[in-house]
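Colleague: Sending over a structure as structure tokens; questions will come in a sec.
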Amino acid sequence: MRIVVVGAGMAGVQTAVALRERGHDGEVLLLGAEPHQPYDRPPLSKDVLLGKAEHSRFDIDFADRGIELLLGRPATGLDTERRVLDTDGGELAYDRLVLATGARPVALPGQSARTHLLRTHDDAVALRGALRPGARIVVVGAGWIGAEAATVARQLGCEVTVVEAAPVPLAGALPAEVAEGMRRWYAEAGVELRTGTAVGGIVDGDVRLEGDPGATVLLTDGTELGADAVVVGIGARPDTGWLDGSGIVLDDRGAVAADDRLRTSADGVLAVGDCASFPSARYRTRLMVHHWDNAVQGARVAAANALGAEQRYDPVPYFWSEQFGRMVQYAGHHRPGDELLRRGDPEAADWSALWLRDGVPVALLAVDRPRDLAQGRRLLERGAPLDPALAADPAVQLKAAVRG
């Protein structure tokens, strides 16, 4: 049985490896759109940008595992009736197919030559060359990627301004009453944060002038910012456009609408990672999770089910971000109306926030509180009801707040 995995990021690589670990002795083909050896993405916004590492390639001997790499070969279409994958290098027949094409970053309309995205190895290398001491860097978006890019730029001695259309940083991930406390992190790091305004356009300087005039970033509030480089971190969308006409059902966000076994609407085709969404019985909603842990966990389930298992996928989502000298970790999934409990003073060096639904924890945010995160993840998995008064006391361990 030939199994083709489309996408050579974390989800695709881990799926291919898991197929072998589960004893599959048929063909495993791993298709990557980029020419580079498969690599991990989180280090791109950290060690690769800082120059501490030249690459973040996976330390995996694919040939030894019997995994055939087809690199620099993007998928272009899919015929699910014939079980044929179209690529720019010709057709590939499959018995089972796993979609793991990830997500594409959202770009600004009319981006200039000085604009950088941060999704691929080549993106990181190009941006690293622009992060020189004294360089004027404008970061568009105060989400997770924007904060990490601003952190690295300041570490490298750049002058950094972050522009965010929402009134607070991390507006898409956290409620305003939590995110507002993070505003001071920018000021403490020497980063200017401009919220409530968006980028209206970017005008490149005249390269014929003596020296490098840079670019001018035009904000919707009338402000003009000089910039030697512009970093755009305003989100990502599932990379599924190539599936047009295939009959694979997508959800309203453009993600492959997988079921709770990560199977798609087409027989023999599964989907995992950033390109897919799945129904969560735990949270009673369809989740789309663009984070490393989801790619790793989902790959194991996708591999098992591609080989005939019937494993359900219903994780507690988890991710982390290193920004402005802090380790920020989030587990679970909260929604408006959930009860918010604060554990500690957000002005302090470390604190946590906990969300309860009918007394049961559904999400946890931990800032430099690894014990809260570790205990909180276990409680989220169990769905253990908590005593709110005890859970809100930062001196009480979370596991001690469980109702008897």
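Letters A, B, ... go to the chains of the structure tokens in the order shown; residues in each chain start at 1; ligands are counted from 1 in the same order.
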Extract, using only C-alpha atoms, all DNA, RNA and protein residues at most 9 Å from A:Gly245, discarding same-chain residues fewer than 6 positions from it, and format them as a ChimeraX atom specification.
Modeller: /A:77-79
Colleague: Can you spit out the residues from that selection as a PDB file, in the first residue's frame, using N, CA and C atoms?
Modeller:
```pdb
ATOM      1  N   GLY A  77      -3.172  19.711  -7.486  1.00  0.00           N
ATOM      2  CA  GLY A  77      -4.560  19.281  -7.629  1.00  0.00           C
ATOM      3  C   GLY A  77      -4.730  17.857  -7.151  1.00  0.00           C
ATOM      4  N   LEU A  78      -5.990  17.425  -7.088  1.00  0.00           N
ATOM      5  CA  LEU A  78      -6.285  16.101  -6.547  1.00  0.00           C
ATOM      6  C   LEU A  78      -7.510  15.514  -7.231  1.00  0.00           C
ATOM      7  N   ASP A  79      -7.379  14.275  -7.697  1.00  0.00           N
ATOM      8  CA  ASP A  79      -8.498  13.523  -8.254  1.00  0.00           C
ATOM      9  C   ASP A  79      -8.777  12.370  -7.298  1.00  0.00           C
TER      10      ASP A  79
END
```
Colleague: Please provide the set of residues having any atom within 6 Å of A:Leu356, restricted to only C-alpha atoms, with same-chain residues fewer than 2 positions apart removed, written as a ChimeraX atom specification.
Modeller: /A:338-339,359-362
Colleague: Can you spit out the residues from that selection as a compact mmCIF listing (two decimals), in the first residue's frame, using N, CA and C atoms?
Modeller:
```
# COMPACT_ATOMS: atom_id res chain seq x y z
N ASP A 338 -16.93 32.38 29.51
CA ASP A 338 -16.29 31.54 30.50
C ASP A 338 -15.80 32.40 31.66
N GLU A 339 -15.83 31.84 32.85
CA GLU A 339 -15.41 32.57 34.05
C GLU A 339 -13.89 32.70 34.08
N GLY A 359 -17.68 25.62 36.51
CA GLY A 359 -16.77 25.17 37.54
C GLY A 359 -15.65 24.27 37.08
N VAL A 360 -15.67 23.91 35.80
CA VAL A 360 -14.65 23.01 35.24
C VAL A 360 -13.65 23.83 34.42
N PRO A 361 -12.36 23.64 34.63
CA PRO A 361 -11.36 24.42 33.86
C PRO A 361 -11.36 24.02 32.39
N VAL A 362 -11.34 25.03 31.52
CA VAL A 362 -11.31 24.77 30.08
C VAL A 362 -10.06 25.35 29.42
```
Colleague: Any idea what's packed within 10 Å of A:Ser112, counting only C-alpha atoms, ignoring anything in its chain fewer than 3 positions away? Could you give it as a ChimeraX atom specification?
Modeller: /A:108-109,115-116,201-204,215,217,229-230
Colleague: So that I can check the surroundings of A:Gly143, please list as a list of chain:residue names every protein, DNA and RNA residue that reaches within 10 Å of it, counting only C-alpha atoms and ignoring chain neighbours fewer than 5 positions away.
Modeller: A:Glu148, A:Ala149, A:Glu164, A:Val168, A:Pro169, A:Leu170, A:Ala171, A:Gly172, A:Ala173, A:Leu174, A:Gly233, A:Ile234, A:Gly235
Colleague: Taking the DSSP assignment computed from this structure's backbone, write out as a PyMOL selection string all residues of stretch 92-295 of chain A that belong to strand (DSSP E).
Modeller: chain A and resi 92-93+96-99+103-105+115-116+136-140+159-164+192-195+199-204+215-219+224-227+229-232+236-238+256-257+269-271+276-280+285-287
Colleague: Would you mind telling me which residue in A:Gly110, A:Pro370, A:Pro394, A:Gly102 lies nearest to A:Met288 when using only C-alpha atoms?
Modeller: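 Selected residue with least distance to A:Met288: A:Gly102.
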Colleague: Need the shell around A:Tyr330: protein/DNA/RNA residues with any atom at most 8 Å away, counting only C-alpha atoms. Skip same-chain ones fewer than 5 positions apart. Format as a list in words?
Modeller: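 Neighbouring residues, sequence-local ones excluded: Tyr318, Phe319, Trp320, Ala363, Leu364, Leu365, Ala366 and Leu373 of chain A.
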Colleague: Which parts of stretch 35-256 of chain A does DSSP call helix (DSSP H, G or I) when run on the backbone here, written out as a CSV table (one decimal) with all heavy atoms, in the first residue's frame?
Modeller:
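The resulting file, out-v6.csv, is reproduced below:
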```csv
chain,number,residue,atom,x,y,z
A,42,PRO,N,9.3,26.5,14.6
A,42,PRO,CA,9.5,27.4,15.7
A,42,PRO,C,10.9,28.0,15.8
A,42,PRO,O,11.0,29.2,16.2
A,42,PRO,CB,9.2,26.5,16.9
A,42,PRO,CG,8.2,25.5,16.4
A,42,PRO,CD,8.6,25.2,15.0
A,43,PRO,N,12.0,27.3,15.6
A,43,PRO,CA,13.3,28.0,15.7
A,43,PRO,C,13.5,29.1,14.7
A,43,PRO,O,14.5,29.9,14.9
A,43,PRO,CB,14.3,26.8,15.4
A,43,PRO,CG,13.5,25.6,15.8
A,43,PRO,CD,12.1,25.9,15.3
A,44,LEU,N,12.7,29.2,13.6
A,44,LEU,CA,12.9,30.2,12.6
A,44,LEU,C,12.8,31.6,13.3
A,44,LEU,O,13.5,32.5,12.9
A,44,LEU,CB,11.9,30.1,11.5
A,44,LEU,CG,12.0,28.8,10.7
A,44,LEU,CD1,10.9,28.9,9.6
A,44,LEU,CD2,13.4,28.6,10.1
A,45,SER,N,11.8,31.8,14.2
A,45,SER,CA,11.6,33.1,14.8
A,45,SER,C,12.5,33.3,16.1
A,45,SER,O,12.3,34.3,16.7
A,45,SER,CB,10.1,33.3,15.2
A,45,SER,OG,9.7,32.3,16.1
A,47,ASP,N,16.2,31.0,17.2
A,47,ASP,CA,17.6,30.8,17.0
A,47,ASP,C,18.1,31.1,15.6
A,47,ASP,O,19.2,31.7,15.4
A,47,ASP,CB,17.9,29.3,17.3
A,47,ASP,CG,17.9,29.0,18.8
A,47,ASP,OD1,17.8,30.0,19.5
A,47,ASP,OD2,17.9,27.9,19.1
A,48,VAL,N,17.3,30.8,14.5
A,48,VAL,CA,17.7,31.1,13.2
A,48,VAL,C,17.8,32.7,13.0
A,48,VAL,O,18.8,33.2,12.4
A,48,VAL,CB,16.8,30.5,12.1
A,48,VAL,CG1,17.2,30.9,10.7
A,48,VAL,CG2,16.9,29.0,12.2
A,49,LEU,N,16.8,33.4,13.4
A,49,LEU,CA,16.8,34.9,13.3
A,49,LEU,C,18.0,35.5,14.1
A,49,LEU,O,18.6,36.4,13.7
A,49,LEU,CB,15.5,35.5,13.8
A,49,LEU,CG,14.4,35.7,12.8
A,49,LEU,CD1,13.3,36.5,13.4
A,49,LEU,CD2,14.8,36.3,11.5
A,50,LEU,N,18.2,34.9,15.3
A,50,LEU,CA,19.3,35.4,16.1
A,50,LEU,C,20.7,35.1,15.6
A,50,LEU,O,21.7,35.6,16.1
A,50,LEU,CB,19.1,34.9,17.6
A,50,LEU,CG,18.0,35.6,18.4
A,50,LEU,CD1,17.8,34.8,19.7
A,50,LEU,CD2,18.4,37.0,18.7
A,121,HIS,N,12.1,28.9,5.9
A,121,HIS,CA,13.5,29.1,6.1
A,121,HIS,C,14.0,30.3,5.3
A,121,HIS,O,14.8,31.1,5.9
A,121,HIS,CB,14.3,27.8,5.7
A,121,HIS,CG,15.8,28.0,5.7
A,121,HIS,ND1,16.5,27.9,6.9
A,121,HIS,CD2,16.6,28.2,4.7
A,121,HIS,CE1,17.8,28.1,6.6
A,121,HIS,NE2,17.9,28.2,5.3
A,122,ASP,N,13.7,30.4,4.1
A,122,ASP,CA,14.1,31.5,3.3
A,122,ASP,C,13.6,32.8,3.8
A,122,ASP,O,14.4,33.8,3.7
A,122,ASP,CB,13.6,31.3,1.8
A,122,ASP,CG,14.3,30.1,1.1
A,122,ASP,OD1,15.4,29.7,1.6
A,122,ASP,OD2,13.8,29.7,0.1
A,123,ASP,N,12.4,32.8,4.3
A,123,ASP,CA,11.9,34.1,5.0
A,123,ASP,C,12.8,34.5,6.1
A,123,ASP,O,13.2,35.7,6.3
A,123,ASP,CB,10.5,33.8,5.5
A,123,ASP,CG,9.4,33.7,4.5
A,123,ASP,OD1,9.7,34.1,3.3
A,123,ASP,OD2,8.4,33.1,4.8
A,124,ALA,N,13.2,33.5,7.0
A,124,ALA,CA,14.0,33.8,8.2
A,124,ALA,C,15.4,34.3,7.8
A,124,ALA,O,15.9,35.2,8.4
A,124,ALA,CB,14.1,32.6,9.0
A,125,VAL,N,16.0,33.7,6.7
A,125,VAL,CA,17.3,34.1,6.3
A,125,VAL,C,17.3,35.5,5.7
A,125,VAL,O,18.1,36.3,6.0
A,125,VAL,CB,17.8,33.1,5.2
A,125,VAL,CG1,19.1,33.6,4.6
A,125,VAL,CG2,18.1,31.7,5.9
A,126,ALA,N,16.2,35.8,4.9
A,126,ALA,CA,16.1,37.2,4.4
A,126,ALA,C,15.9,38.2,5.5
A,126,ALA,O,16.5,39.3,5.4
A,126,ALA,CB,14.9,37.2,3.4
A,127,LEU,N,15.1,37.9,6.4
A,127,LEU,CA,14.8,38.9,7.5
A,127,LEU,C,16.1,39.0,8.4
A,127,LEU,O,16.4,40.1,8.8
A,127,LEU,CB,13.6,38.4,8.4
A,127,LEU,CG,13.3,39.3,9.6
A,127,LEU,CD1,13.0,40.7,9.2
A,127,LEU,CD2,12.1,38.7,10.3
A,128,ARG,N,16.8,37.9,8.6
A,128,ARG,CA,18.0,38.0,9.5
A,128,ARG,C,19.0,39.0,8.9
A,128,ARG,O,19.6,39.8,9.6
A,128,ARG,CB,18.6,36.6,9.6
A,128,ARG,CG,19.8,36.6,10.6
A,128,ARG,CD,20.3,35.2,10.8
A,128,ARG,NE,20.8,34.6,9.5
A,128,ARG,CZ,21.1,33.3,9.4
A,128,ARG,NH1,20.9,32.5,10.4
A,128,ARG,NH2,21.6,32.9,8.3
A,129,GLY,N,19.1,39.1,7.6
A,129,GLY,CA,20.0,40.1,7.0
A,129,GLY,C,19.6,41.5,7.2
A,129,GLY,O,20.4,42.4,7.1
A,130,ALA,N,18.3,41.7,7.5
A,130,ALA,CA,17.8,43.1,7.6
A,130,ALA,C,17.8,43.5,9.1
A,130,ALA,O,17.7,44.8,9.4
A,130,ALA,CB,16.3,43.2,7.1
A,144,TRP,N,1.3,36.5,18.3
A,144,TRP,CA,2.4,35.7,18.8
A,144,TRP,C,3.6,35.9,17.9
A,144,TRP,O,4.7,36.2,18.5
A,144,TRP,CB,2.0,34.3,18.8
A,144,TRP,CG,0.8,34.0,19.7
A,144,TRP,CD1,-0.4,33.6,19.2
A,144,TRP,CD2,0.7,34.1,21.1
A,144,TRP,NE1,-1.3,33.4,20.3
A,144,TRP,CE2,-0.7,33.7,21.4
A,144,TRP,CE3,1.5,34.4,22.1
A,144,TRP,CZ2,-1.1,33.7,22.7
A,144,TRP,CZ3,1.1,34.4,23.4
A,144,TRP,CH2,-0.2,34.0,23.7
A,145,ILE,N,3.5,35.8,16.6
A,145,ILE,CA,4.7,36.0,15.7
A,145,ILE,C,5.2,37.4,15.8
A,145,ILE,O,6.4,37.6,15.8
A,145,ILE,CB,4.3,35.6,14.3
A,145,ILE,CG1,4.1,34.1,14.2
A,145,ILE,CG2,5.4,36.1,13.3
A,145,ILE,CD1,5.3,33.3,14.4
A,146,GLY,N,4.3,38.4,15.8
A,146,GLY,CA,4.8,39.8,15.9
A,146,GLY,C,5.6,40.1,17.2
A,146,GLY,O,6.6,40.7,17.1
A,147,ALA,N,5.1,39.5,18.3
A,147,ALA,CA,5.8,39.7,19.6
A,147,ALA,C,7.2,39.1,19.5
A,147,ALA,O,8.2,39.6,20.0
A,147,ALA,CB,5.0,39.2,20.7
A,148,GLU,N,7.2,37.9,19.0
A,148,GLU,CA,8.5,37.2,18.9
A,148,GLU,C,9.5,37.9,18.0
A,148,GLU,O,10.7,38.0,18.3
A,148,GLU,CB,8.3,35.7,18.5
A,148,GLU,CG,7.6,34.9,19.5
A,148,GLU,CD,7.4,33.4,19.2
A,148,GLU,OE1,7.9,33.0,18.1
A,148,GLU,OE2,6.8,32.7,19.9
A,149,ALA,N,9.0,38.4,16.8
A,149,ALA,CA,9.9,39.1,15.9
A,149,ALA,C,10.4,40.4,16.6
A,149,ALA,O,11.6,40.7,16.4
A,149,ALA,CB,9.1,39.4,14.6
A,150,ALA,N,9.5,41.1,17.3
A,150,ALA,CA,9.9,42.3,17.9
A,150,ALA,C,11.0,42.0,19.0
A,150,ALA,O,11.9,42.8,19.2
A,150,ALA,CB,8.7,43.0,18.6
A,151,THR,N,10.8,40.9,19.7
A,151,THR,CA,11.7,40.5,20.8
A,151,THR,C,13.1,40.3,20.2
A,151,THR,O,14.1,40.8,20.7
A,151,THR,CB,11.3,39.2,21.5
A,151,THR,OG1,10.0,39.4,22.1
A,151,THR,CG2,12.3,38.7,22.5
A,152,VAL,N,13.2,39.5,19.1
A,152,VAL,CA,14.5,39.2,18.5
A,152,VAL,C,15.1,40.5,17.9
A,152,VAL,O,16.3,40.8,18.0
A,152,VAL,CB,14.3,38.2,17.4
A,152,VAL,CG1,15.6,38.0,16.5
A,152,VAL,CG2,13.9,36.8,18.0
A,153,ALA,N,14.3,41.4,17.2
A,153,ALA,CA,14.8,42.6,16.7
A,153,ALA,C,15.5,43.5,17.7
A,153,ALA,O,16.5,44.1,17.5
A,153,ALA,CB,13.7,43.3,15.9
A,154,ARG,N,14.8,43.6,18.9
A,154,ARG,CA,15.4,44.4,20.0
A,154,ARG,C,16.7,43.7,20.5
A,154,ARG,O,17.7,44.4,20.8
A,154,ARG,CB,14.4,44.5,21.1
A,154,ARG,CG,13.3,45.6,20.9
A,154,ARG,CD,13.9,47.0,20.7
A,154,ARG,NE,14.6,47.5,21.9
A,154,ARG,CZ,15.6,48.3,21.9
A,154,ARG,NH1,16.2,48.7,20.8
A,154,ARG,NH2,16.1,48.7,23.0
A,155,GLN,N,16.7,42.4,20.6
A,155,GLN,CA,17.9,41.7,21.0
A,155,GLN,C,19.1,42.0,20.1
A,155,GLN,O,20.3,42.0,20.5
A,155,GLN,CB,17.7,40.2,21.2
A,155,GLN,CG,16.8,39.8,22.3
A,155,GLN,CD,16.6,38.3,22.4
A,155,GLN,OE1,15.7,37.8,21.7
A,155,GLN,NE2,17.4,37.6,23.1
A,176,ALA,N,-9.5,41.3,26.2
A,176,ALA,CA,-8.8,42.5,26.4
A,176,ALA,C,-8.3,42.7,27.8
A,176,ALA,O,-7.3,43.3,28.1
A,176,ALA,CB,-9.8,43.7,26.0
A,177,GLU,N,-9.1,42.2,28.8
A,177,GLU,CA,-8.7,42.4,30.2
A,177,GLU,C,-7.5,41.7,30.6
A,177,GLU,O,-6.8,42.0,31.5
A,177,GLU,CB,-9.8,42.1,31.2
A,177,GLU,CG,-10.3,40.6,31.2
A,177,GLU,CD,-11.5,40.4,30.3
A,177,GLU,OE1,-11.6,41.0,29.2
A,177,GLU,OE2,-12.3,39.6,30.7
A,178,VAL,N,-7.1,40.6,29.8
A,178,VAL,CA,-5.9,39.9,30.0
A,178,VAL,C,-4.8,40.5,29.2
A,178,VAL,O,-3.7,40.7,29.7
A,178,VAL,CB,-6.1,38.4,29.7
A,178,VAL,CG1,-4.7,37.7,29.8
A,178,VAL,CG2,-7.1,37.8,30.7
A,179,ALA,N,-5.1,40.7,27.9
A,179,ALA,CA,-4.1,41.2,27.0
A,179,ALA,C,-3.6,42.6,27.3
A,179,ALA,O,-2.4,42.9,27.1
A,179,ALA,CB,-4.6,41.2,25.6
A,180,GLU,N,-4.4,43.4,27.9
A,180,GLU,CA,-4.0,44.8,28.2
A,180,GLU,C,-2.8,44.8,29.1
A,180,GLU,O,-1.9,45.7,29.0
A,180,GLU,CB,-5.2,45.6,28.9
A,180,GLU,CG,-4.9,47.0,29.2
A,180,GLU,CD,-4.5,47.9,28.0
A,180,GLU,OE1,-5.2,47.7,27.0
A,180,GLU,OE2,-3.6,48.7,28.1
A,181,GLY,N,-2.7,43.9,30.1
A,181,GLY,CA,-1.6,43.8,31.0
A,181,GLY,C,-0.2,43.5,30.3
A,181,GLY,O,0.8,43.7,30.9
A,182,MET,N,-0.3,43.1,29.0
A,182,MET,CA,0.9,42.7,28.3
A,182,MET,C,1.5,44.0,27.6
A,182,MET,O,2.6,43.9,27.0
A,182,MET,CB,0.7,41.6,27.3
A,182,MET,CG,0.2,40.3,28.0
A,182,MET,SD,-0.3,39.0,26.8
A,182,MET,CE,-0.5,37.6,27.9
A,183,ARG,N,0.7,45.0,27.5
A,183,ARG,CA,1.2,46.2,26.8
A,183,ARG,C,2.5,46.7,27.4
A,183,ARG,O,3.4,47.1,26.6
A,183,ARG,CB,0.1,47.3,26.9
A,183,ARG,CG,0.5,48.6,26.2
A,183,ARG,CD,-0.5,49.7,26.5
A,183,ARG,NE,-1.9,49.3,26.0
A,183,ARG,CZ,-2.3,49.5,24.8
A,183,ARG,NH1,-1.5,50.0,23.9
A,183,ARG,NH2,-3.5,49.1,24.4
A,184,ARG,N,2.7,46.7,28.7
A,184,ARG,CA,3.9,47.2,29.3
A,184,ARG,C,5.1,46.4,29.0
A,184,ARG,O,6.3,46.9,29.0
A,184,ARG,CB,3.7,47.3,30.8
A,184,ARG,CG,3.6,46.0,31.5
A,184,ARG,CD,3.5,46.1,33.0
A,184,ARG,NE,3.4,44.8,33.7
A,184,ARG,CZ,4.4,44.1,34.0
A,184,ARG,NH1,5.6,44.6,33.8
A,184,ARG,NH2,4.3,42.9,34.6
A,185,TRP,N,4.9,45.1,28.5
A,185,TRP,CA,6.1,44.3,28.1
A,185,TRP,C,6.9,45.0,27.0
A,185,TRP,O,8.1,45.0,26.9
A,185,TRP,CB,5.7,42.9,27.7
A,185,TRP,CG,5.0,42.1,28.8
A,185,TRP,CD1,4.8,42.5,30.1
A,185,TRP,CD2,4.5,40.8,28.6
A,185,TRP,NE1,4.1,41.5,30.7
A,185,TRP,CE2,3.9,40.4,29.9
A,185,TRP,CE3,4.4,39.9,27.5
A,185,TRP,CZ2,3.3,39.2,30.0
A,185,TRP,CZ3,3.8,38.7,27.7
A,185,TRP,CH2,3.3,38.3,29.0
A,186,TYR,N,6.1,45.6,26.1
A,186,TYR,CA,6.7,46.3,24.9
A,186,TYR,C,7.6,47.5,25.4
A,186,TYR,O,8.7,47.6,25.0
A,186,TYR,CB,5.6,46.7,24.0
A,186,TYR,CG,5.0,45.6,23.2
A,186,TYR,CD1,4.0,44.8,23.9
A,186,TYR,CD2,5.3,45.3,21.9
A,186,TYR,CE1,3.4,43.7,23.2
A,186,TYR,CE2,4.7,44.2,21.2
A,186,TYR,CZ,3.7,43.5,21.9
A,186,TYR,OH,3.1,42.4,21.2
A,187,ALA,N,6.9,48.3,26.2
A,187,ALA,CA,7.7,49.5,26.7
A,187,ALA,C,8.9,49.1,27.5
A,187,ALA,O,10.0,49.7,27.3
A,187,ALA,CB,6.7,50.3,27.6
A,188,GLU,N,8.8,48.1,28.3
A,188,GLU,CA,10.0,47.7,29.1
A,188,GLU,C,11.1,47.2,28.2
A,188,GLU,O,12.3,47.3,28.6
A,188,GLU,CB,9.6,46.6,30.1
A,188,GLU,CG,8.7,47.0,31.2
A,188,GLU,CD,8.1,45.9,32.1
A,188,GLU,OE1,8.4,44.7,31.7
A,188,GLU,OE2,7.5,46.2,33.1
A,241,GLY,N,-5.9,26.1,-1.1
A,241,GLY,CA,-6.4,26.5,-2.4
A,241,GLY,C,-6.1,25.5,-3.6
A,241,GLY,O,-7.0,25.5,-4.5
A,242,TRP,N,-5.1,24.7,-3.4
A,242,TRP,CA,-4.8,23.8,-4.5
A,242,TRP,C,-5.8,22.6,-4.6
A,242,TRP,O,-5.8,21.9,-5.5
A,242,TRP,CB,-3.4,23.2,-4.3
A,242,TRP,CG,-3.2,22.4,-3.0
A,242,TRP,CD1,-3.0,22.9,-1.8
A,242,TRP,CD2,-3.3,21.0,-2.9
A,242,TRP,NE1,-3.0,21.8,-0.8
A,242,TRP,CE2,-3.1,20.7,-1.5
A,242,TRP,CE3,-3.5,19.9,-3.8
A,242,TRP,CZ2,-3.1,19.4,-1.0
A,242,TRP,CZ3,-3.5,18.6,-3.3
A,242,TRP,CH2,-3.3,18.4,-1.9
A,243,LEU,N,-6.7,22.6,-3.5
A,243,LEU,CA,-7.7,21.5,-3.5
A,243,LEU,C,-9.0,21.9,-4.3
A,243,LEU,O,-10.0,21.1,-4.3
A,243,LEU,CB,-8.1,21.2,-2.1
A,243,LEU,CG,-7.0,20.4,-1.3
A,243,LEU,CD1,-7.3,20.4,0.2
A,243,LEU,CD2,-6.8,19.0,-1.8
```
Colleague: May I have the residues within 10 Å of A:Asp372 as a PyMOL selection string, using only C-alpha atoms and disregarding those fewer than 6 positions away in the same chain?
Modeller: chain A and resi 329+343+351-354+364-366+394+396-399
Colleague: Pick the closest to A:Thr15 from A:Ala302, A:Leu131, A:Leu85, A:Ala166: which is it, counting only C-alpha atoms?
Modeller: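 Residue with the minimum atom-to-atom distance to A:Thr15: A:Ala302.
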Colleague: Quick one: pull the distance between atom CA of A:Asp358 and atom CA of A:Leu287, Å, one decimal.
Modeller: 20.7 Å
Colleague: Smallest atom-to-atom distance to A:Leu270: which of A:Met327, A:Ala75, A:Val160, A:Ala299, using only C-alpha atoms?
Modeller: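 Counting only C-alpha atoms, the residue closest to A:Leu270 is A:Ala299.
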Colleague: Quick one: residues within 12 Å of A:Gln311, only C-alpha atoms counted, chain neighbours fewer than 2 positions away excluded, as a PyMOL selection string?
Modeller: chain A and resi 259-263+297-309+313-315
Colleague: Would you save the residues from that selection as an mmCIF file, in the first residue's frame, using N, CA and C atoms?
Modeller:
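Saved result, out28.cif, follows:
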```cif
data_model
loop_
_atom_site.group_PDB
_atom_site.id
_atom_site.type_symbol
_atom_site.label_atom_id
_atom_site.label_comp_id
_atom_site.auth_asym_id
_atom_site.auth_seq_id
_atom_site.Cartn_x
_atom_site.Cartn_y
_atom_site.Cartn_z
ATOM 1 N N ASP A 259 -12.999 14.770 10.156
ATOM 2 C CA ASP A 259 -13.867 14.286 11.232
ATOM 3 C C ASP A 259 -13.013 14.001 12.469
ATOM 4 N N ASP A 260 -13.613 13.361 13.475
ATOM 5 C CA ASP A 260 -12.874 13.162 14.725
ATOM 6 C C ASP A 260 -11.814 12.074 14.623
ATOM 7 N N ARG A 261 -11.682 11.442 13.440
ATOM 8 C CA ARG A 261 -10.579 10.514 13.167
ATOM 9 C C ARG A 261 -9.585 11.129 12.189
ATOM 10 N N LEU A 262 -9.768 12.409 11.883
ATOM 11 C CA LEU A 262 -8.944 13.154 10.932
ATOM 12 C C LEU A 262 -9.114 12.662 9.503
ATOM 13 N N ARG A 263 -10.268 12.044 9.221
ATOM 14 C CA ARG A 263 -10.600 11.640 7.861
ATOM 15 C C ARG A 263 -11.313 12.785 7.156
ATOM 16 N N GLN A 297 0.811 15.723 17.830
ATOM 17 C CA GLN A 297 -0.201 14.791 18.324
ATOM 18 C C GLN A 297 -1.098 14.274 17.206
ATOM 19 N N GLY A 298 -1.521 15.182 16.332
ATOM 20 C CA GLY A 298 -2.420 14.788 15.258
ATOM 21 C C GLY A 298 -1.770 13.808 14.292
ATOM 22 N N ALA A 299 -0.457 13.953 14.083
ATOM 23 C CA ALA A 299 0.240 13.065 13.151
ATOM 24 C C ALA A 299 0.157 11.608 13.594
ATOM 25 N N ARG A 300 0.258 11.370 14.884
ATOM 26 C CA ARG A 300 0.199 9.995 15.385
ATOM 27 C C ARG A 300 -1.170 9.378 15.104
ATOM 28 N N VAL A 301 -2.215 10.175 15.284
ATOM 29 C CA VAL A 301 -3.570 9.680 15.036
ATOM 30 C C VAL A 301 -3.801 9.487 13.538
ATOM 31 N N ALA A 302 -3.341 10.441 12.730
ATOM 32 C CA ALA A 302 -3.512 10.324 11.281
ATOM 33 C C ALA A 302 -2.818 9.073 10.750
ATOM 34 N N ALA A 303 -1.607 8.811 11.242
ATOM 35 C CA ALA A 303 -0.872 7.628 10.788
ATOM 36 C C ALA A 303 -1.597 6.352 11.183
ATOM 37 N N ALA A 304 -2.067 6.302 12.429
ATOM 38 C CA ALA A 304 -2.773 5.103 12.893
ATOM 39 C C ALA A 304 -4.025 4.852 12.070
ATOM 40 N N ASN A 305 -4.795 5.907 11.818
ATOM 41 C CA ASN A 305 -6.051 5.740 11.094
ATOM 42 C C ASN A 305 -5.838 5.493 9.604
ATOM 43 N N ALA A 306 -4.735 5.979 9.060
ATOM 44 C CA ALA A 306 -4.411 5.660 7.668
ATOM 45 C C ALA A 306 -4.148 4.166 7.498
ATOM 46 N N LEU A 307 -3.757 3.526 8.597
ATOM 47 C CA LEU A 307 -3.475 2.091 8.563
ATOM 48 C C LEU A 307 -4.648 1.255 9.065
ATOM 49 N N GLY A 308 -5.817 1.894 9.211
ATOM 50 C CA GLY A 308 -7.016 1.132 9.543
ATOM 51 C C GLY A 308 -7.500 1.229 10.963
ATOM 52 N N ALA A 309 -6.816 1.997 11.828
ATOM 53 C CA ALA A 309 -7.279 2.153 13.206
ATOM 54 C C ALA A 309 -8.499 3.075 13.238
ATOM 55 N N TYR A 313 -9.552 11.867 17.753
ATOM 56 C CA TYR A 313 -8.613 12.952 18.043
ATOM 57 C C TYR A 313 -9.362 14.081 18.737
ATOM 58 N N ASP A 314 -9.060 14.298 20.000
ATOM 59 C CA ASP A 314 -9.740 15.343 20.776
ATOM 60 C C ASP A 314 -8.779 15.864 21.846
ATOM 61 N N PRO A 315 -7.720 16.556 21.434
ATOM 62 C CA PRO A 315 -6.686 16.972 22.376
ATOM 63 C C PRO A 315 -7.067 18.221 23.166
#
```
Colleague: Show me, as a tab-separated table, the residues of stretch 90-191 of chain A having an atom within 12 Å of stretch 67-73 of chain A, each with the closest atom pair and its distance in Å, using only C-alpha atoms.
Modeller:
```
residue	atom	partner	partner_atom	distance
A:Gly90	CA	A:Arg73	CA	9.2
A:Glu91	CA	A:Arg73	CA	11.0
A:Leu92	CA	A:Leu70	CA	10.9
```
Colleague: Rounded to one decimal in Å, what is the spacing between atom CA of A:Gly32 and atom CA of A:Gly9?
Modeller: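 Taking atom CA of A:Gly32 as the start and atom CA of A:Gly9 as the end point, the length is 7.9 Å.
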Colleague: Take atom CA of A:Asn294 and atom CA of A:Gly273 and report the distance between them in Å, one decimal.
Modeller: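 Here the two named atoms are 6.2 Å from each other.
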